[in-house]
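Below: my_file.txt (compact mmCIF, C-alpha atoms)
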# COMPACT_ATOMS: atom_id res chain seq x y z
CA MET A 210 58.59 50.36 26.03
CA GLY A 211 58.98 47.12 28.02
CA LYS A 212 59.32 46.69 31.73
CA PRO A 213 62.45 48.10 33.38
CA PHE A 214 65.45 45.80 33.27
CA PRO A 215 65.56 43.90 36.58
CA PRO A 216 68.57 44.34 38.86
CA PRO A 217 71.48 42.01 38.04
CA ALA A 218 71.09 38.60 39.62
CA ARG A 219 73.87 36.32 40.74
CA ALA A 220 74.52 33.61 38.20
CA PRO A 221 73.18 30.20 39.27
CA PRO A 222 75.72 27.52 40.11
CA ARG A 223 76.70 25.30 37.25
CA VAL A 224 74.56 22.19 37.21
CA ALA A 225 75.78 18.68 36.69
CA GLY A 226 75.20 17.39 33.22
CA PRO A 227 76.77 15.90 30.15
CA PRO A 228 80.10 17.30 28.96
CA PRO A 229 79.78 20.04 26.34
CA THR A 230 79.42 18.78 22.80
CA ARG A 231 80.53 20.70 19.78
CA HIS A 232 78.33 22.03 17.03
CA PRO A 233 79.30 20.53 13.67
CA ARG A 234 80.92 23.85 12.74
CA GLY A 235 82.78 24.07 16.01
CA GLN A 236 80.29 26.12 18.01
CA ARG A 237 79.70 24.85 21.53
CA TRP A 238 75.93 24.98 22.01
CA GLU A 239 75.43 22.18 24.54
CA ASN A 240 75.25 23.48 28.12
CA GLU A 241 76.16 26.97 26.96
CA LEU A 242 72.77 28.21 28.12
CA LEU A 243 72.02 27.14 31.66
CA PRO A 244 68.90 26.80 33.81
CA GLY A 245 67.83 29.95 35.60
CA PRO A 246 65.48 32.94 35.36
CA ALA A 247 65.57 34.85 32.08
CA PRO A 248 65.73 38.66 32.18
CA LEU A 249 63.12 40.57 30.21
CA HIS A 250 65.56 42.52 28.09
CA THR A 251 69.09 42.42 26.80
CA HIS A 252 70.08 46.03 27.33
CA ARG A 253 73.11 48.10 26.47
CA PRO A 254 74.80 48.99 29.75
CA HIS A 255 77.27 51.44 28.17
CA ALA A 256 76.81 54.07 30.85
CA ALA A 257 77.39 51.57 33.63
CA LEU A 258 80.89 50.69 32.47
CA SER A 259 84.08 52.67 32.60
CA PRO A 260 85.07 54.79 29.59
CA GLY A 261 87.30 53.11 27.07
CA PHE A 262 85.19 50.04 26.39
CA HIS A 263 84.41 49.53 22.72
CA PRO A 264 80.62 49.12 22.12
CA ARG A 265 81.25 45.66 20.66
CA GLN A 266 83.11 44.64 23.84
CA VAL A 267 80.23 45.94 25.92
CA MET A 268 77.69 43.96 23.90
CA ARG A 269 79.76 40.77 24.18
CA ARG A 270 80.00 41.19 27.97
CA ALA A 271 76.26 41.81 28.21
CA GLU A 272 75.56 38.70 26.13
CA THR A 273 77.87 36.63 28.34
CA MET A 274 75.94 37.77 31.44
CA VAL A 275 72.63 36.88 29.79
CA HIS A 276 73.89 33.44 28.78
CA GLN A 277 74.54 32.71 32.45
CA VAL A 278 70.86 33.00 33.33
CA LEU A 279 69.03 31.73 30.22
CA TYR A 280 67.86 28.15 29.98
CA ARG A 281 69.59 26.25 27.19
CA ALA A 282 67.55 26.53 24.02
CA LEU A 283 69.27 23.68 22.18
CA VAL A 284 70.18 20.15 23.20
CA SER A 285 72.20 17.77 21.06
CA THR A 286 71.12 14.41 19.69
CA LYS A 287 73.96 12.87 21.72
CA TRP A 288 72.65 14.41 24.97
CA LEU A 289 69.10 13.22 24.28
CA ALA A 290 70.26 9.74 23.28
CA GLU A 291 72.19 9.43 26.54
CA SER A 292 69.14 10.63 28.48
CA VAL A 293 66.93 8.04 26.75
CA ARG A 294 69.49 5.31 27.37
CA ALA A 295 69.76 6.25 31.04
CA GLY A 296 65.99 6.07 31.50
CA LYS A 297 65.65 9.77 32.37
CA LEU A 298 62.45 10.34 30.42
CA GLY A 299 59.53 10.84 32.78
CA PRO A 300 57.90 13.68 34.72
CA GLY A 301 61.19 15.60 34.76
CA LEU A 302 61.99 15.20 31.05
CA ARG A 303 59.48 14.87 28.24
CA VAL A 304 60.12 14.72 24.49
CA LEU A 305 57.66 15.97 21.87
CA ASP A 306 57.45 15.25 18.15
CA ALA A 307 55.97 18.48 16.74
CA SER A 308 56.02 17.52 13.07
CA TRP A 309 53.47 19.12 10.74
CA TYR A 310 53.31 18.97 6.95
CA SER A 311 51.21 20.63 4.29
CA PRO A 312 48.12 18.60 3.36
CA GLY A 313 48.80 16.15 0.57
CA THR A 314 52.52 15.82 1.28
CA ARG A 315 53.53 13.83 4.36
CA GLU A 316 51.37 12.58 7.24
CA ALA A 317 52.94 13.64 10.52
CA ARG A 318 50.94 11.47 12.91
CA LYS A 319 51.29 8.41 10.68
CA GLU A 320 55.06 8.87 10.55
CA TYR A 321 55.15 9.30 14.33
CA LEU A 322 53.31 6.00 14.77
CA GLU A 323 55.81 4.31 12.48
CA ARG A 324 58.93 5.62 14.24
CA HIS A 325 59.89 8.27 16.75
CA VAL A 326 62.34 8.96 19.56
CA PRO A 327 61.64 6.42 22.33
CA GLY A 328 59.34 7.96 24.92
CA ALA A 329 58.32 10.89 22.71
CA SER A 330 54.70 12.03 22.52
CA PHE A 331 53.07 13.52 19.45
CA PHE A 332 52.28 17.24 19.72
CA ASP A 333 49.44 17.87 17.29
CA MET A 334 49.59 21.46 16.02
CA GLU A 335 46.04 21.16 14.71
CA GLU A 336 44.69 20.25 18.13
CA CYS A 337 46.69 22.80 20.11
CA ARG A 338 45.57 26.02 18.43
CA ASN A 339 42.61 28.38 18.35
CA THR A 340 40.34 26.56 15.94
CA ALA A 341 37.68 29.29 16.23
CA SER A 342 39.98 31.91 14.69
CA PRO A 343 39.68 32.69 10.96
CA TYR A 344 43.46 32.99 10.86
CA GLU A 345 46.08 30.25 10.65
CA MET A 346 47.77 28.57 13.64
CA MET A 347 46.69 31.14 16.24
CA LEU A 348 47.57 30.44 19.87
CA PRO A 349 45.08 28.50 21.97
CA SER A 350 43.83 29.88 25.27
CA GLU A 351 45.78 29.41 28.49
CA ALA A 352 43.30 26.76 29.64
CA HIS A 353 43.45 24.90 26.31
CA PHE A 354 47.25 24.83 26.26
CA ALA A 355 47.50 23.81 29.92
CA ASP A 356 45.04 20.96 29.46
CA TYR A 357 46.68 19.75 26.25
CA VAL A 358 50.27 19.62 27.50
CA GLY A 359 49.14 18.30 30.88
CA ARG A 360 47.70 15.28 29.10
CA LEU A 361 51.16 14.77 27.58
CA GLY A 362 52.59 14.40 31.08
CA ILE A 363 54.10 17.88 31.23
CA GLY A 364 54.06 19.88 34.46
CA ASN A 365 55.59 23.22 35.33
CA GLN A 366 58.84 21.57 36.47
CA THR A 367 59.27 19.43 33.34
CA HIS A 368 62.15 19.97 30.94
CA VAL A 369 60.57 19.72 27.49
CA VAL A 370 62.60 18.81 24.39
CA VAL A 371 60.93 19.41 21.02
CA TYR A 372 61.85 18.09 17.59
CA ASP A 373 60.24 17.59 14.20
CA GLY A 374 60.88 15.39 11.19
CA ASP A 375 61.23 18.04 8.51
CA ASN A 376 63.96 17.48 5.93
CA LEU A 377 65.45 20.88 6.78
CA GLY A 378 66.29 19.52 10.23
CA CYS A 379 63.96 21.93 12.00
CA PHE A 380 60.67 23.59 11.01
CA TYR A 381 57.83 23.48 13.54
CA ALA A 382 59.86 22.71 16.67
CA PRO A 383 60.76 26.39 17.32
CA ARG A 384 57.04 27.25 17.21
CA VAL A 385 56.32 24.79 20.04
CA TRP A 386 59.44 26.05 21.90
CA TRP A 387 57.99 29.56 21.66
CA MET A 388 54.49 28.41 22.65
CA PHE A 389 55.81 26.99 25.91
CA ARG A 390 57.73 30.20 26.57
CA VAL A 391 54.78 32.48 25.77
CA PHE A 392 52.72 30.46 28.27
CA GLY A 393 55.30 31.00 30.98
CA HIS A 394 57.35 27.79 30.72
CA ARG A 395 61.09 28.41 30.49
CA THR A 396 62.54 24.88 30.72
CA VAL A 397 62.11 24.01 27.05
CA SER A 398 64.69 23.16 24.38
CA VAL A 399 64.82 22.32 20.67
CA LEU A 400 66.65 19.19 19.53
CA ASN A 401 69.49 20.58 17.43
CA GLY A 402 69.53 18.77 14.10
CA GLY A 403 66.05 17.35 14.57
CA PHE A 404 64.81 13.85 13.79
CA ARG A 405 66.72 13.97 10.51
CA ASN A 406 70.03 13.84 12.31
CA TRP A 407 68.73 11.54 15.04
CA LEU A 408 68.18 8.97 12.30
CA LYS A 409 71.37 9.80 10.44
CA GLU A 410 73.45 9.22 13.59
CA GLY A 411 71.80 5.85 14.19
CA HIS A 412 70.03 6.62 17.47
CA PRO A 413 67.18 4.29 18.51
CA VAL A 414 63.60 4.68 17.34
CA THR A 415 60.37 2.94 18.26
CA SER A 416 56.82 2.60 16.97
CA GLU A 417 55.41 2.24 20.48
CA PRO A 418 53.26 5.25 21.41
CA SER A 419 54.12 6.85 24.73
CA ARG A 420 51.48 6.87 27.47
CA PRO A 421 52.66 9.42 30.01
CA GLU A 422 50.92 9.90 33.31
CA PRO A 423 48.87 13.14 33.07
CA ALA A 424 50.30 16.11 34.93
CA VAL A 425 49.05 19.49 36.10
CA PHE A 426 50.33 22.43 34.06
CA LYS A 427 49.53 26.04 34.89
CA ALA A 428 49.78 28.35 31.87
CA THR A 429 50.31 32.09 32.30
CA LEU A 430 50.40 34.12 29.10
CA ASP A 431 53.49 36.32 28.78
CA ARG A 432 52.14 39.15 26.65
CA SER A 433 55.62 40.62 26.15
CA LEU A 434 56.40 37.74 23.76
CA LEU A 435 53.21 38.12 21.71
CA LYS A 436 52.09 40.93 19.38
CA THR A 437 48.64 41.52 17.94
CA TYR A 438 47.48 43.12 14.70
CA GLU A 439 46.64 46.34 16.51
CA GLN A 440 50.10 46.55 18.08
CA VAL A 441 51.90 45.97 14.78
CA LEU A 442 49.66 48.53 13.06
CA GLU A 443 50.47 51.10 15.75
CA ASN A 444 54.16 50.28 15.36
CA LEU A 445 54.10 51.50 11.75
CA GLU A 446 53.80 54.99 13.18
CA SER A 447 55.70 54.71 16.46
CA LYS A 448 58.50 52.52 15.08
CA ARG A 449 59.26 51.29 18.60
CA PHE A 450 59.95 47.77 17.33
CA GLN A 451 62.04 46.44 14.48
CA LEU A 452 60.08 44.00 12.33
CA VAL A 453 61.68 40.89 10.76
CA ASP A 454 59.90 38.65 8.23
CA SER A 455 61.23 35.07 8.12
CA ARG A 456 59.71 33.88 4.83
CA SER A 457 61.67 33.26 1.63
CA GLN A 458 62.78 36.30 -0.32
CA GLY A 459 60.36 35.58 -3.16
CA ARG A 460 57.34 35.41 -0.88
CA TYR A 461 58.53 38.49 1.00
CA LEU A 462 58.92 40.51 -2.21
CA GLY A 463 55.79 39.11 -3.77
CA THR A 464 57.53 37.49 -6.72
CA GLU A 465 56.60 33.96 -5.66
CA PRO A 466 53.15 32.68 -4.58
CA GLU A 467 52.21 31.72 -1.06
CA PRO A 468 52.08 27.90 -0.99
CA ASP A 469 48.72 26.17 -0.49
CA ALA A 470 46.90 29.50 -0.27
CA VAL A 471 43.69 30.67 -1.90
CA GLY A 472 43.04 34.40 -2.02
CA LEU A 473 46.34 35.26 -0.34
CA ASP A 474 48.85 37.29 -2.31
CA SER A 475 52.50 37.24 -1.27
CA GLY A 476 54.28 40.36 -0.05
CA HIS A 477 55.23 41.90 3.28
CA ILE A 478 54.34 44.40 5.96
CA ARG A 479 55.67 47.87 5.20
CA GLY A 480 58.95 48.51 6.99
CA SER A 481 59.81 44.87 7.67
CA VAL A 482 63.23 43.34 7.01
CA ASN A 483 63.63 39.94 5.37
CA MET A 484 65.62 37.17 7.10
CA PRO A 485 64.58 33.78 5.62
CA PHE A 486 64.43 31.20 8.40
CA MET A 487 66.27 28.59 6.33
CA ASP A 488 69.36 30.78 6.52
CA PHE A 489 69.61 30.14 10.27
CA LEU A 490 70.27 26.45 9.55
CA THR A 491 73.29 24.68 8.11
CA GLU A 492 72.99 22.37 5.12
CA ASP A 493 73.11 19.48 7.59
CA GLY A 494 70.09 20.80 9.48
CA PHE A 495 71.82 22.22 12.57
CA GLU A 496 71.51 25.73 13.98
CA LYS A 497 74.34 27.91 12.74
CA SER A 498 77.05 29.04 15.12
CA LEU A 499 76.66 32.01 17.42
CA GLU A 500 79.14 34.02 15.35
CA GLU A 501 77.22 33.29 12.15
CA LEU A 502 73.89 34.19 13.71
CA ARG A 503 75.24 37.48 15.03
CA ALA A 504 76.71 38.30 11.63
CA MET A 505 73.35 37.63 9.97
CA PHE A 506 71.53 40.10 12.21
CA GLU A 507 74.30 42.65 11.76
CA ALA A 508 74.22 42.27 7.96
CA LYS A 509 70.49 43.11 7.99
CA LYS A 510 71.12 46.02 10.39
CA VAL A 511 68.87 44.39 12.99
CA ASN A 512 69.93 45.73 16.38
CA LEU A 513 69.56 43.02 19.02
CA ALA A 514 69.81 45.64 21.74
CA GLN A 515 66.48 47.10 20.58
CA PRO A 516 62.89 45.73 20.63
CA LEU A 517 62.12 43.23 17.88
CA ILE A 518 58.99 41.61 16.41
CA ALA A 519 59.17 38.50 14.22
CA THR A 520 56.56 37.71 11.58
CA CYS A 521 56.05 35.24 8.74
CA ARG A 522 52.90 33.79 7.14
CA LYS A 523 51.20 32.23 10.17
CA GLY A 524 53.51 32.70 13.16
CA VAL A 525 55.52 29.49 12.71
CA THR A 526 58.86 30.24 11.05
CA ALA A 527 58.90 33.63 12.81
CA CYS A 528 59.81 31.57 15.86
CA HIS A 529 63.12 30.70 14.16
CA VAL A 530 63.99 34.41 14.41
CA ALA A 531 63.06 34.37 18.10
CA LEU A 532 65.20 31.26 18.66
CA ALA A 533 68.23 32.67 16.82
CA ALA A 534 68.00 35.94 18.74
CA TYR A 535 67.65 34.01 22.01
CA LEU A 536 70.84 32.13 21.22
CA CYS A 537 72.52 35.52 20.73
CA GLY A 538 71.40 36.53 24.23
CA LYS A 539 68.12 38.28 23.37
CA PRO A 540 65.21 36.41 25.02
CA ASP A 541 62.50 39.04 24.48
CA VAL A 542 61.67 38.80 20.76
CA ALA A 543 57.91 38.96 20.29
CA VAL A 544 56.05 37.03 17.59
CA TYR A 545 53.18 38.52 15.62
CA ASP A 546 50.89 35.51 15.84
CA GLY A 547 48.54 36.42 12.98
CA SER A 548 51.46 37.39 10.73
CA TRP A 549 51.02 37.97 6.99
CA PHE A 550 47.83 35.92 6.70
CA GLU A 551 46.00 38.18 9.14
CA TRP A 552 47.73 41.33 7.89
CA PHE A 553 46.74 40.69 4.27
CA HIS A 554 43.09 40.30 5.21
CA ARG A 555 42.86 43.18 7.71
CA ALA A 556 45.47 45.85 7.08
CA PRO A 557 45.04 48.96 4.89
CA PRO A 558 46.37 48.34 1.35
CA GLU A 559 49.04 51.00 1.72
CA THR A 560 50.66 49.00 4.52
CA ARG A 561 51.14 45.96 2.26
CA VAL A 562 54.16 45.91 -0.03
CA SER A 563 54.12 43.42 -2.90
CA GLN A 564 55.22 42.88 -6.49
CA TRP A 565 52.54 40.22 -6.87
CA LYS A 566 50.14 40.71 -9.76
CA ARG A 567 46.96 38.72 -9.97
CA GLU A 568 46.22 37.08 -13.28
CA LYS A 569 43.36 38.81 -15.01
CA ALA A 570 40.30 36.67 -15.49
Starting from the file, lay out its structure as structure tokens.
Amino acid sequence: MGKPFPPPARAPPRVAGPPPTRHPRGQRWENELLPGPAPLHTHRPHAALSPGFHPRQVMRRAETMVHQVLYRALVSTKWLAESVRAGKLGPGLRVLDASWYSPGTREARKEYLERHVPGASFFDMEECRNTASPYEMMLPSEAHFADYVGRLGIGNQTHVVVYDGDNLGCFYAPRVWWMFRVFGHRTVSVLNGGFRNWLKEGHPVTSEPSRPEPAVFKATLDRSLLKTYEQVLENLESKRFQLVDSRSQGRYLGTEPEPDAVGLDSGHIRGSVNMPFMDFLTEDGFEKSLEELRAMFEAKKVNLAQPLIATCRKGVTACHVALAAYLCGKPDVAVYDGSWFEWFHRAPPETRVSQWKREKA
């Protein structure tokens, strides 16, 4: 079990900022989540309330309390454009382009050099990972992460906004959002709609690389947000955590191949539930509304009041599950960093579920 839920804290005063902007489907995301310390768990305080409250009412009240102390996970293109226009980018606000594409498709750094949000730095996923690991996209060490983001001008008091240029509107940005959080940094947000909508709405771009003044960043690994192979293996017996796989249904079932993979069959970890990350996004590339996100978890019988682990192929799109749950008031979703790639190569065959059939030589 996790650490005991901390005693209720007084909600921080509302901070000055841009007026709330509406999500394209009517959901008010902007400024809905405010700066402040995040509790470790979203619990179910049924016993603490008077009889007569419906469980759904109790959960809504709990989520409202959590929203008062969580840092906003999404910022709008309008908010960022106004911040750029007002010259607010600097030590207190940094923007990162976290684009990454499969080899042979698009070139992320080249596209960054051609055009990006003014003042944004390029966050290279290949440089900020554990290159000594045999598995894909594993977290770097605390020292490695601290040195890397420090060279991007990010300190412990910096508000970091992350975006990527994927056509979906958002792909790798939630991974970097989670990386900052797992290394103890809470003031980090994802640009809702991504670079796709930044361009669509006609906001300014530049080809001038940013040259931020280096800063000192102290990284402290939050192990509650990270799960290892051994912990997931143990969970098959203890069932203390729910397990959600964010890959497409075909890859989850094993009816479609894993892209750009040699010697890696598709399939899933026994006992996991499938919630494809693309389903968290609208056709226009924005995060779906709070009501829609809640309904998605409920439809899959994923209880956001209980511990949850997110997994995928290499720990990237699993972070979309963590982000969606965070927006629903659950900040403690852990990511299995090695995910299916590690599991396939290490786990006992009986723990792997797949309809995939290798072609006979």
For this session: Find the distance between CA of Glu351 (chain A) and CA of Phe404 (chain A) and write it in Å to one decimal.
Result: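 Pair CA of Glu351 (chain A) / CA of Phe404 (chain A) returns 28.6 Å.
With distances restricted to all atoms listed in the file, A:Ala282 is the closest residue to Phe389 (chain A) from A:Ala282, A:Leu462, A:Arg420, A:Phe495.
If all atoms listed in the file are the atoms counted, then among A:Ala504, A:Leu298, A:Met334, A:Leu473 the closest residue to Phe553 (chain A) is A:Leu473.
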In the coordinate frame of the file, compute which residues have an atom within 12 Å of (50.8, 23.0, 34.1) when using all atoms listed in the file, and state them as a short mmCIF file (atom, residue, chain, number, x, y, z; two decimals) with C-alpha atoms, in the coordinates of the input.
data_model
loop_
_atom_site.label_atom_id
_atom_site.label_comp_id
_atom_site.auth_asym_id
_atom_site.auth_seq_id
_atom_site.Cartn_x
_atom_site.Cartn_y
_atom_site.Cartn_z
CA PRO A 300 57.90 13.68 34.72
CA GLU A 351 45.78 29.41 28.49
CA ALA A 352 43.30 26.76 29.64
CA HIS A 353 43.45 24.90 26.31
CA PHE A 354 47.25 24.83 26.26
CA ALA A 355 47.50 23.81 29.92
CA ASP A 356 45.04 20.96 29.46
CA TYR A 357 46.68 19.75 26.25
CA VAL A 358 50.27 19.62 27.50
CA GLY A 359 49.14 18.30 30.88
CA ARG A 360 47.70 15.28 29.10
CA LEU A 361 51.16 14.77 27.58
CA GLY A 362 52.59 14.40 31.08
CA ILE A 363 54.10 17.88 31.23
CA GLY A 364 54.06 19.88 34.46
CA ASN A 365 55.59 23.22 35.33
CA GLN A 366 58.84 21.57 36.47
CA THR A 367 59.27 19.43 33.34
CA PHE A 389 55.81 26.99 25.91
CA PHE A 392 52.72 30.46 28.27
CA GLY A 393 55.30 31.00 30.98
CA HIS A 394 57.35 27.79 30.72
CA PRO A 423 48.87 13.14 33.07
CA ALA A 424 50.30 16.11 34.93
CA VAL A 425 49.05 19.49 36.10
CA PHE A 426 50.33 22.43 34.06
CA LYS A 427 49.53 26.04 34.89
CA ALA A 428 49.78 28.35 31.87
CA THR A 429 50.31 32.09 32.30
#
Exercise. In Å, with one decimal, what is the gap from CA of Ala508 (chain A) to CA of Trp552 (chain A)?
Worked result: 26.5 Å
